[in-house]
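Asks: Below is the file start-v9.txt, which contains compact mmCIF, C-alpha atoms and all ligand atoms.
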# COMPACT_ATOMS: atom_id res chain seq x y z
CA MET V 1 129.41 -28.17 183.85
CA SER V 2 132.59 -27.88 185.81
CA TYR V 3 135.45 -25.68 184.70
CA ILE V 4 137.66 -28.74 183.99
CA LYS V 5 135.02 -30.41 181.83
CA ALA V 6 134.54 -27.21 179.83
CA ALA V 7 138.29 -26.84 179.30
CA LEU V 8 138.54 -30.50 178.19
CA PHE V 9 135.66 -30.04 175.75
CA LEU V 10 137.27 -26.92 174.32
CA GLY V 11 140.59 -28.75 174.04
CA ILE V 12 139.01 -31.63 172.07
CA LEU V 13 137.25 -29.11 169.85
CA LEU V 14 140.51 -27.24 169.14
CA VAL V 15 142.58 -30.36 168.45
CA GLY V 16 139.81 -31.85 166.31
CA GLY V 17 139.39 -28.60 164.45
CA TYR V 18 143.12 -28.29 163.87
CA PHE V 19 143.44 -31.81 162.42
CA GLY V 20 140.28 -31.35 160.41
CA TRP V 21 141.69 -28.18 158.91
CA ARG V 22 145.04 -29.93 158.18
CA TYR V 23 143.15 -32.75 156.49
CA TYR V 24 141.15 -30.30 154.37
CA GLU V 25 144.37 -28.45 153.44
CA SER V 26 146.13 -31.67 152.42
CA LEU V 27 143.14 -32.67 150.32
CA SER V 28 143.00 -29.39 148.46
CA ARG V 29 146.76 -29.39 148.05
CA ASN V 30 146.43 -32.70 146.24
CA VAL V 31 144.20 -31.11 143.60
CA SER V 32 146.61 -30.80 140.69
CA PRO V 33 146.89 -27.48 138.88
CA SER V 34 144.94 -27.04 135.65
CA LEU V 35 145.49 -24.45 132.97
CA GLU V 36 143.56 -24.00 129.73
CA ILE V 37 143.20 -21.54 126.89
CA LEU V 38 139.65 -21.20 125.65
CA GLY V 39 138.41 -19.61 122.44
CA ILE V 40 141.12 -20.93 120.11
CA GLU V 41 141.94 -24.47 118.99
CA PRO V 42 145.57 -25.64 118.98
CA GLY V 43 146.92 -25.65 115.42
CA SER V 44 144.03 -23.58 114.07
CA GLY V 45 144.02 -20.35 112.10
CA ILE V 46 142.39 -17.00 112.83
CA SER V 47 141.50 -14.32 110.30
CA LYS V 48 140.08 -11.65 112.65
CA ASP V 49 140.60 -10.35 116.20
CA THR V 50 139.80 -13.18 118.58
CA GLU V 51 138.74 -13.08 122.23
CA ILE V 52 140.34 -15.84 124.25
CA THR V 53 140.21 -16.74 127.93
CA ILE V 54 142.97 -18.20 130.04
CA LYS V 55 141.55 -20.27 132.86
CA GLY V 56 143.50 -21.73 135.73
CA SER V 57 142.85 -23.46 139.02
CA ASP V 58 144.87 -25.18 141.70
CA GLY V 59 144.31 -26.66 145.15
CA SER V 60 147.10 -24.39 146.36
CA LYS V 61 147.23 -20.65 146.00
CA ILE V 62 148.08 -19.43 142.49
CA GLU V 63 150.69 -16.74 142.74
CA SER V 64 151.04 -15.39 139.23
CA LEU V 65 150.22 -15.78 135.55
CA GLN V 66 152.49 -14.78 132.72
CA VAL V 67 151.52 -14.87 129.04
CA SER V 68 153.97 -14.57 126.19
CA LEU V 69 153.68 -14.62 122.42
CA ASP V 70 156.54 -15.87 120.26
CA GLY V 71 158.86 -15.50 123.24
CA GLU V 72 157.85 -11.90 124.07
CA PRO V 73 155.63 -11.02 127.09
CA LEU V 74 152.11 -10.32 125.85
CA MET V 75 150.89 -8.64 129.04
CA LYS V 76 152.20 -7.65 132.46
CA PRO V 77 152.46 -10.62 134.88
CA VAL V 78 149.23 -10.87 136.88
CA SER V 79 149.56 -11.41 140.64
CA LEU V 80 146.69 -13.55 141.77
CA GLY V 81 146.83 -14.94 145.30
CA LYS V 82 143.72 -17.11 144.79
CA ARG V 83 142.88 -20.69 143.83
CA ALA V 84 141.21 -19.98 140.48
CA PHE V 85 141.21 -17.25 137.86
CA THR V 86 139.77 -16.35 134.47
CA GLU V 87 141.81 -13.92 132.43
CA PRO V 88 140.34 -12.54 129.19
CA LEU V 89 142.69 -11.61 126.35
CA THR V 90 142.21 -10.32 122.81
CA LEU V 91 144.43 -11.53 119.98
CA VAL V 92 144.65 -8.57 117.60
CA VAL V 93 145.58 -9.90 114.16
CA LYS V 94 147.14 -6.60 112.98
CA GLU V 95 149.51 -6.59 115.93
CA LEU V 96 150.34 -10.27 115.58
CA GLY V 97 151.07 -10.25 111.86
CA GLU V 98 150.51 -13.04 109.29
CA GLY V 99 151.88 -16.52 109.85
CA ALA V 100 152.61 -18.96 112.67
CA HIS V 101 152.54 -17.90 116.31
CA THR V 102 153.02 -19.57 119.65
CA LEU V 103 151.21 -18.50 122.79
CA VAL V 104 152.65 -19.62 126.14
CA ALA V 105 150.84 -19.28 129.47
CA GLU V 106 152.83 -19.88 132.64
CA MET V 107 151.12 -20.25 136.01
CA VAL V 108 153.07 -20.27 139.28
CA SER V 109 151.43 -21.56 142.44
CA SER V 110 152.44 -22.62 145.93
CA ASN V 111 151.71 -26.23 144.97
CA GLN V 112 154.79 -28.07 146.17
CA GLU V 113 154.53 -30.97 143.76
CA GLN V 114 153.99 -28.84 140.68
CA PRO V 115 154.81 -25.17 141.31
CA LYS V 116 154.90 -24.27 137.62
CA THR V 117 152.32 -25.12 134.94
CA ILE V 118 153.10 -24.22 131.34
CA LEU V 119 150.70 -24.41 128.41
CA GLU V 120 151.82 -23.87 124.83
CA LEU V 121 149.45 -23.26 121.93
CA SER V 122 150.37 -22.75 118.28
CA PHE V 123 148.10 -21.04 115.78
CA HIS V 124 148.20 -19.15 112.49
CA VAL V 125 147.07 -15.68 111.58
CA ASP V 126 145.72 -15.76 108.06
CA THR V 127 143.83 -12.76 106.70
CA LEU V 128 144.98 -12.68 103.06
CA PRO V 129 142.61 -13.96 100.37
CA LEU V 130 143.97 -17.24 98.99
CA GLN V 131 145.67 -17.15 95.58
CA ALA V 132 147.21 -20.14 93.81
CA THR V 133 148.21 -21.15 90.30
CA LEU V 134 149.80 -24.16 88.60
CA THR V 135 153.43 -23.50 87.69
CA LYS V 136 154.78 -26.70 86.18
CA ASN V 137 153.53 -28.23 83.02
CA GLU V 138 156.57 -29.88 81.51
CA PHE V 139 156.29 -32.34 78.62
CA ASP V 140 152.89 -30.84 77.82
CA GLY V 141 151.48 -32.83 80.73
CA ARG V 142 152.45 -36.04 78.92
CA VAL V 143 153.75 -38.82 81.18
CA TYR V 144 154.71 -42.38 80.36
CA GLN V 145 153.10 -45.39 82.00
CA GLY V 146 155.14 -46.37 85.07
CA HIS V 147 156.49 -42.84 85.52
CA THR V 148 155.62 -40.18 88.10
CA LEU V 149 153.41 -37.18 87.46
CA HIS V 150 155.01 -34.18 89.15
CA VAL V 151 152.72 -31.19 89.65
CA GLU V 152 153.72 -27.85 91.13
CA PHE V 153 151.75 -24.81 92.14
CA GLN V 154 152.50 -21.51 93.79
CA THR V 155 150.52 -19.72 96.46
CA ASN V 156 150.63 -16.21 97.91
CA LYS V 157 151.00 -17.45 101.49
CA GLU V 158 151.64 -20.54 103.57
CA ILE V 159 148.69 -22.93 103.35
CA ARG V 160 147.32 -25.49 105.79
CA GLU V 161 146.97 -28.37 103.34
CA ALA V 162 146.49 -29.40 99.75
CA GLN V 163 145.58 -32.67 98.09
CA ILE V 164 145.74 -33.73 94.49
CA LYS V 165 142.91 -35.98 93.32
CA THR V 166 143.23 -38.08 90.21
CA LEU V 167 142.89 -41.69 89.01
CA SER V 168 140.48 -42.32 91.92
CA ALA V 169 143.16 -41.66 94.53
CA SER V 170 144.44 -38.63 96.39
CA TYR V 171 147.94 -37.63 97.43
CA PRO V 172 149.18 -34.86 99.72
CA CYS V 173 150.97 -31.80 98.34
CA TYR V 174 153.79 -30.23 100.30
CA LEU V 175 156.14 -27.28 100.35
CA GLN V 176 158.95 -27.92 97.88
CA SER V 177 161.47 -25.78 99.71
CA ASN V 178 161.40 -23.09 102.33
CA ARG V 179 162.68 -20.55 99.84
CA GLY V 180 159.44 -19.89 98.06
CA LEU V 181 155.80 -20.72 98.29
CA ILE V 182 155.99 -23.50 95.73
CA TYR V 183 154.13 -26.65 96.60
CA GLU V 184 154.47 -29.98 94.81
CA CYS V 185 152.87 -33.38 94.59
CA PHE V 186 153.77 -36.69 93.02
CA VAL V 187 151.31 -39.11 91.47
CA PRO V 188 152.62 -42.58 90.65
CA LEU V 189 151.28 -43.91 87.35
CA GLU V 190 150.93 -47.69 87.23
CA CYS V 191 152.51 -49.47 84.27
CA GLU V 192 149.06 -50.85 83.48
CA GLU V 193 147.28 -47.45 83.48
CA LEU V 194 145.30 -46.94 80.28
CA PRO V 195 147.02 -44.44 77.96
CA GLN V 196 144.62 -41.49 77.62
CA GLU V 197 143.94 -38.01 78.99
CA TYR V 198 143.03 -37.67 82.68
CA PRO V 199 141.85 -34.67 84.71
CA TYR V 200 143.13 -33.79 88.16
CA THR V 201 142.07 -31.34 90.82
CA ILE V 202 144.09 -29.86 93.65
CA GLU V 203 142.12 -28.73 96.67
CA ILE V 204 143.97 -26.09 98.65
CA THR V 205 142.89 -25.00 102.13
CA ASP V 206 144.42 -22.01 103.89
CA TRP V 207 144.80 -21.46 107.64
CA ALA V 208 141.57 -19.50 107.85
CA GLY V 209 139.71 -22.50 106.41
CA ASN V 210 139.11 -21.06 102.92
CA SER V 211 139.48 -23.51 100.05
CA MET V 212 140.04 -23.25 96.34
CA LEU V 213 140.43 -25.72 93.49
CA LEU V 214 143.08 -25.85 90.80
CA GLU V 215 142.25 -27.97 87.80
CA GLY V 216 144.54 -29.51 85.26
CA LYS V 217 144.95 -32.48 82.98
CA PHE V 218 147.67 -34.82 81.83
CA THR V 219 148.03 -37.58 79.27
CA ILE V 220 149.40 -41.01 79.98
CA VAL V 221 151.48 -42.18 77.05
CA ALA V 222 151.93 -45.90 76.33
CA PHE V 223 155.49 -47.02 77.07
CA PRO V 224 157.03 -49.62 74.73
CA PHE V 225 158.01 -52.06 77.48
CA LYS V 226 160.57 -54.61 76.25
CA LYS V 227 160.35 -58.37 76.70
CA GLN V 228 162.97 -60.60 78.28
CA THR V 229 163.35 -64.24 79.33
CA ILE V 230 165.38 -65.23 82.34
CA ARG V 231 166.12 -68.55 83.93
CA VAL V 232 167.39 -69.16 87.43
CA ASP V 233 168.81 -72.53 88.41
CA LYS V 234 166.24 -74.73 90.24
CA GLN V 235 168.66 -75.62 92.99
CA LYS V 236 169.38 -71.95 93.67
CA ILE V 237 165.64 -71.20 93.96
CA GLN V 238 165.27 -74.02 96.51
CA GLU V 239 168.26 -72.75 98.45
CA GLU V 240 166.98 -69.17 98.52
CA ASN V 241 163.52 -70.33 99.61
CA SER V 242 165.08 -71.96 102.66
CA LEU V 243 167.23 -68.91 103.48
CA GLY V 244 164.79 -66.07 103.12
CA ARG V 245 161.29 -65.01 104.09
CA PRO V 246 158.46 -65.47 101.58
CA GLU V 247 158.08 -62.71 98.99
CA LYS V 248 154.58 -61.81 100.21
CA GLU V 249 156.02 -60.73 103.56
CA LEU V 250 158.11 -58.07 101.83
CA GLU V 251 155.11 -56.74 99.92
CA ASP V 252 153.02 -56.64 103.13
CA ALA V 253 155.83 -54.86 104.96
CA ILE V 254 156.05 -52.20 102.22
CA VAL V 255 152.29 -51.53 102.50
CA GLU V 256 152.40 -51.28 106.31
CA LEU V 257 155.56 -49.14 106.39
CA THR V 258 154.15 -46.74 103.80
CA LYS V 259 151.18 -46.07 106.10
CA LYS V 260 153.66 -45.06 108.81
CA SER V 261 155.91 -43.00 106.53
CA PRO V 262 156.84 -39.60 108.04
CA GLN V 263 154.53 -36.86 106.81
CA HIS V 264 157.44 -34.65 105.97
CA LYS V 265 160.11 -34.63 103.34
CA LEU V 266 163.41 -36.27 104.26
CA TRP V 267 164.92 -35.89 100.79
CA HIS V 268 166.56 -32.76 99.38
CA GLY V 269 167.03 -32.14 95.68
CA HIS V 270 167.32 -34.92 93.13
CA PHE V 271 168.26 -38.55 93.72
CA ILE V 272 171.57 -40.13 92.75
CA VAL V 273 172.05 -43.47 91.00
CA PRO V 274 173.12 -45.89 93.77
CA LEU V 275 176.01 -47.27 91.69
CA GLU V 276 178.68 -45.72 89.47
CA LEU V 277 176.84 -45.83 86.15
CA LYS V 278 179.41 -45.37 83.38
CA ASP V 279 177.08 -46.15 80.51
CA THR V 280 173.65 -47.56 79.86
CA THR V 281 175.02 -51.03 79.01
CA GLN V 282 175.16 -51.52 82.79
CA ILE V 283 171.37 -51.45 82.81
CA THR V 284 170.49 -55.07 82.13
CA SER V 285 166.77 -54.59 82.70
CA ASP V 286 165.03 -51.33 81.96
CA PHE V 287 162.11 -50.32 84.10
CA GLY V 288 158.96 -52.23 83.25
CA VAL V 289 160.49 -55.04 81.19
CA ILE V 290 158.00 -57.86 80.71
CA ARG V 291 159.73 -61.00 81.84
CA ALA V 292 159.09 -64.64 81.20
CA THR V 293 160.42 -66.77 84.05
CA GLN V 294 160.09 -70.50 84.69
CA GLU V 295 158.75 -69.76 88.18
CA ARG V 296 156.12 -67.11 87.68
CA GLY V 297 155.37 -67.07 83.98
CA LEU V 298 154.94 -63.57 82.58
CA CYS V 299 155.47 -60.68 84.96
CA GLN V 300 156.57 -57.09 84.75
CA HIS V 301 159.88 -56.15 86.32
CA LYS V 302 159.07 -52.75 87.83
CA ALA V 303 162.61 -51.76 88.77
CA LEU V 304 166.04 -51.27 87.25
CA ASP V 305 168.66 -54.00 87.21
CA LEU V 306 172.19 -52.66 87.14
CA ILE V 307 175.37 -54.66 86.81
CA ALA V 308 178.57 -53.58 88.46
CA THR V 309 181.76 -55.19 89.69
CA PRO V 310 180.71 -57.87 92.21
CA LYS V 311 180.68 -56.58 95.78
CA SER V 312 181.01 -52.93 94.77
CA VAL V 313 179.33 -50.46 97.12
CA VAL V 314 175.66 -49.51 96.80
CA TRP V 315 175.05 -45.92 97.94
CA ALA V 316 171.91 -44.41 99.44
CA PRO V 317 170.37 -42.34 96.60
CA GLN V 318 168.86 -39.88 99.08
CA GLU V 319 168.40 -39.17 102.75
CA GLY V 320 165.89 -41.31 104.63
CA ILE V 321 165.27 -43.88 107.33
CA VAL V 322 166.26 -47.54 106.98
CA VAL V 323 162.97 -49.43 107.36
CA ILE V 324 163.82 -52.92 106.04
CA ARG V 325 167.04 -54.90 106.45
CA ASP V 326 166.17 -58.54 105.96
CA ARG V 327 166.55 -61.57 103.73
CA TYR V 328 163.73 -62.69 101.47
CA ALA V 329 163.60 -65.72 99.17
CA HIS V 330 163.02 -63.65 96.05
CA SER V 331 164.80 -60.37 96.74
CA GLY V 332 167.66 -61.84 98.81
CA ASN V 333 169.39 -59.41 101.16
CA THR V 334 167.06 -56.43 101.01
CA ILE V 335 167.29 -52.82 102.19
CA ALA V 336 164.43 -50.33 102.08
CA ILE V 337 164.85 -46.60 102.77
CA ASP V 338 161.83 -44.43 103.58
CA HIS V 339 162.30 -40.86 102.29
CA GLY V 340 159.08 -39.55 103.82
CA TYR V 341 155.65 -38.96 102.27
CA GLY V 342 155.45 -42.61 101.27
CA LEU V 343 158.48 -42.44 98.98
CA MET V 344 160.65 -45.54 99.30
CA SER V 345 163.85 -46.89 97.71
CA LEU V 346 164.55 -50.64 97.67
CA PHE V 347 167.75 -52.55 96.99
CA PHE V 348 167.70 -56.30 96.31
CA HIS V 349 170.19 -59.15 96.00
CA LEU V 350 172.86 -57.46 98.18
CA ASP V 351 175.91 -59.53 99.02
CA GLU V 352 176.33 -57.89 102.42
CA PHE V 353 174.67 -55.12 104.36
CA ALA V 354 176.56 -51.99 105.36
CA ASP V 355 176.76 -51.20 109.08
CA ILE V 356 173.16 -49.98 109.26
CA LYS V 357 170.09 -51.17 111.11
CA VAL V 358 166.34 -50.60 110.92
CA GLY V 359 165.49 -47.16 112.32
CA ASP V 360 168.82 -45.56 111.32
CA ARG V 361 168.72 -42.21 109.60
CA ILE V 362 170.85 -42.50 106.48
CA LYS V 363 172.33 -39.65 104.45
CA LYS V 364 172.53 -39.40 100.67
CA GLY V 365 175.72 -41.11 99.45
CA LYS V 366 176.23 -43.36 102.48
CA PRO V 367 176.74 -47.11 101.84
CA VAL V 368 173.77 -49.46 102.24
CA GLY V 369 175.57 -52.68 101.23
CA THR V 370 177.43 -54.36 98.40
CA VAL V 371 176.33 -55.77 95.04
CA GLY V 372 175.51 -59.47 95.29
CA LYS V 373 173.39 -62.23 93.81
CA THR V 374 171.32 -63.35 96.80
CA GLY V 375 167.71 -64.26 96.08
CA TYR V 376 166.24 -64.83 92.63
CA ALA V 377 169.27 -63.64 90.66
CA THR V 378 171.13 -65.07 87.70
CA GLY V 379 174.33 -63.21 88.61
CA TYR V 380 175.78 -60.23 90.47
CA HIS V 381 173.54 -57.18 90.00
CA LEU V 382 171.62 -54.53 91.89
CA HIS V 383 167.84 -54.43 91.68
CA TRP V 384 166.91 -50.80 92.37
CA GLU V 385 163.27 -50.11 92.93
CA MET V 386 161.39 -46.95 93.82
CA ARG V 387 157.89 -46.76 95.24
CA VAL V 388 155.56 -43.78 95.45
CA ASN V 389 152.77 -44.72 97.83
CA THR V 390 153.62 -48.40 97.25
CA VAL V 391 153.37 -48.04 93.43
CA PRO V 392 156.67 -48.92 91.69
CA VAL V 393 157.86 -46.13 89.37
CA GLU V 394 160.83 -45.52 87.04
CA PRO V 395 163.68 -44.55 89.43
CA LEU V 396 165.93 -42.86 86.83
CA GLU V 397 163.41 -40.07 86.40
CA TRP V 398 163.99 -39.03 90.02
CA THR V 399 167.73 -38.57 89.37
CA LYS V 400 167.15 -35.78 86.84
CA PRO V 401 167.78 -32.32 88.32
CA THR V 402 164.84 -30.99 86.26
CA PHE V 403 162.33 -33.48 87.66
ZN ZN R 1 165.49 -56.92 89.35
If you took the structure in this file and wrote it as structure tokens, what would it be?
Replies:
Amino acid sequence: MSYIKAALFLGILLVGGYFGWRYYESLSRNVSPSLEILGIEPGSGISKDTEITIKGSDGSKIESLQVSLDGEPLMKPVSLGKRAFTEPLTLVVKELGEGAHTLVAEMVSSNQEQPKTILELSFHVDTLPLQATLTKNEFDGRVYQGHTLHVEFQTNKEIREAQIKTLSASYPCYLQSNRGLIYECFVPLECEELPQEYPYTIEITDWAGNSMLLEGKFTIVAFPFKKQTIRVDKQKIQEENSLGRPEKELEDAIVELTKKSPQHKLWHGHFIVPLELKDTTQITSDFGVIRATQERGLCQHKALDLIATPKSVVWAPQEGIVVIRDRYAHSGNTIAIDHGYGLMSLFFHLDEFADIKVGDRIKKGKPVGTVGKTGYATGYHLHWEMRVNTVPVEPLEWTKPTF
């Protein structure tokens, strides 16, 4: 082989090798960085010292890893200078302390597209044995048909979850306020529920996964629902039917919206009456009145009807999210406010809507509309309804500070 041929061959080899290396580099650089924390599940609880592993890899060189806990560095930053690492770490419960914690791992690499990768993981330390007791037993556990059973219990620490089971249904319990460790739950009692004694159980689970049961009982008392006959002009019914959506659509919407209700409390303290209520003569229909109408025969009116000066303002009884603002044949101009946890307020027959739209967050005491007579109404009045998990309940009870 001549000298020239050898040089040419070497040249091709060098150029080829160089481009091959560049190609390999570009390929590995395209491998996106990955970071994971092994040995602990996000949102879980630990009750003893726990070994975890922080694992990272990147197509480009990883320069450093930094781990912090609740905003404070947990260990010295580790300089790496390699494409993958496994870093063991022990979470010592005594050092961490009881309660919620957040672990943040931050990896810095020479990856140009994503030089920084951050992973956040929340968990609970829970080493205390679970203690809980029922704290509220007003009215001797006696509740009227159509009212709401309100149960409270206290714990010795923050819990993961609790559910009350009764009347073949279950409802979540939640922290009443951040001030103490008092939890509460609300059980709607249908107007038709048989008056007798019923048991309930509350299953409480702490962050370490331990459970306990609280047991109690309550008595449903028969409510003397009144009877009433009303008559709405035929022509008005026809008119309303052409103006509004069918009644079934409202009922379906309530069921669907309740499923999507925020799983946190948007209301604070007791509710207010949405109108200025000077005396009880303004209540033209008590909750649960059994009505005879020409349209539907006998049916129970599971709301309050309040009369007020026509077009006077209707106020939001509590904070929540506007979820319905529409016209229905039966309920006329209708507003529904979701207060979280499946608790909903409804206002029917409004003359006009306030300047609010679906999705708006509304504060307690802000206007929702004005008193009207749209829909199936004999005159100007407000139909005020309250639903707990779609079940209509007596709204006035929720306005009592002691409830
Ligand atoms: Zn009504």
Asks: Tell me, in Å to one decimal, how far atom CA of Met344 of chain V is from atom CA of Glu251 of chain V.
Replies: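 Computing the Euclidean distance for atom CA of Met344 of chain V and atom CA of Glu251 of chain V yields 12.5 Å.
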Asks: Residues up to 6 Å from ligand ZN 1 (chain R), counting all atoms listed in the file: could you list those as a PyMOL selection string?
Replies: chain V and resi 303+305+383
Asks: Would you list the contacts of Val391 of chain V as a count of residues only, taking every protein, DNA or RNA residue within 10 Å and counting only C-alpha atoms, but skipping same-chain residues closer than 5 positions in sequence?
Replies: 14
Asks: Mind listing whatever residues come within 7 Å of the point (146.8, -36.3, 85.6)? Use all atoms listed in the file, file coordinates, and give them as a PyMOL selection string.
Replies: chain V and resi 149+166+198-200+217-219
Asks: Which centre and which edge lengths, in Å to one decimal, describe the axis-aligned box that holds all listed atoms of segment 105-116 of chain V after 5 Å is added on each side, as JSON?
Replies:
{"center_x": 152.9, "center_y": -25.1, "center_z": 137.8, "size_x": 14.1, "size_y": 21.7, "size_z": 26.7}
Asks: Could you tell me which of V:Lys76, V:Lys265, V:His270, V:Lys278 comes closest to Lys364 of chain V if we count only C-alpha atoms?
Replies: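 The shortest atom-to-atom distance to Lys364 of chain V comes from V:His270.
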Asks: Between atom CA of Pro88 of chain V and atom CA of Thr50 of chain V, what is the distance, to one decimal in Å?
Replies: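 Computing it gives 10.6 Å between the two atoms.
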Asks: Mind checking which residues fall within 9 Å of Thr258 of chain V, counting all atoms listed in the file, ignoring those fewer than 5 positions away in the same chain, and posting them as a PDB file with C-alpha atoms, in the coordinates of the input?
Replies:
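Dumped to selection00.pdb:
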ATOM      1  CA  ALA V 253     155.830 -54.860 104.960  1.00  0.00           C
ATOM      2  CA  ASP V 338     161.830 -44.430 103.580  1.00  0.00           C
ATOM      3  CA  GLY V 340     159.080 -39.550 103.820  1.00  0.00           C
ATOM      4  CA  TYR V 341     155.650 -38.960 102.270  1.00  0.00           C
ATOM      5  CA  GLY V 342     155.450 -42.610 101.270  1.00  0.00           C
ATOM      6  CA  LEU V 343     158.480 -42.440  98.980  1.00  0.00           C
ATOM      7  CA  MET V 344     160.650 -45.540  99.300  1.00  0.00           C
ATOM      8  CA  VAL V 388     155.560 -43.780  95.450  1.00  0.00           C
ATOM      9  CA  ASN V 389     152.770 -44.720  97.830  1.00  0.00           C
ATOM     10  CA  THR V 390     153.620 -48.400  97.250  1.00  0.00           C
TER      11      THR V 390
END
Asks: What lies within 12 Å of Ser34 of chain V using all atoms listed in the file, ignoring chain neighbours under 6 positions off, as a tab-separated table (two decimals) with C-alpha atoms, keeping the file's coordinate frame?
Replies:
chain	number	residue	atom	x	y	z
V	54	ILE	CA	142.97	-18.20	130.04
V	55	LYS	CA	141.55	-20.27	132.86
V	56	GLY	CA	143.50	-21.73	135.73
V	57	SER	CA	142.85	-23.46	139.02
V	58	ASP	CA	144.87	-25.18	141.70
V	59	GLY	CA	144.31	-26.66	145.15
V	60	SER	CA	147.10	-24.39	146.36
V	62	ILE	CA	148.08	-19.43	142.49
V	83	ARG	CA	142.88	-20.69	143.83
V	84	ALA	CA	141.21	-19.98	140.48
V	85	PHE	CA	141.21	-17.25	137.86
V	86	THR	CA	139.77	-16.35	134.47
V	105	ALA	CA	150.84	-19.28	129.47
V	106	GLU	CA	152.83	-19.88	132.64
V	107	MET	CA	151.12	-20.25	136.01
V	108	VAL	CA	153.07	-20.27	139.28
V	109	SER	CA	151.43	-21.56	142.44
V	111	ASN	CA	151.71	-26.23	144.97
V	114	GLN	CA	153.99	-28.84	140.68
V	115	PRO	CA	154.81	-25.17	141.31
V	116	LYS	CA	154.90	-24.27	137.62
V	117	THR	CA	152.32	-25.12	134.94
V	118	ILE	CA	153.10	-24.22	131.34
V	119	LEU	CA	150.70	-24.41	128.41
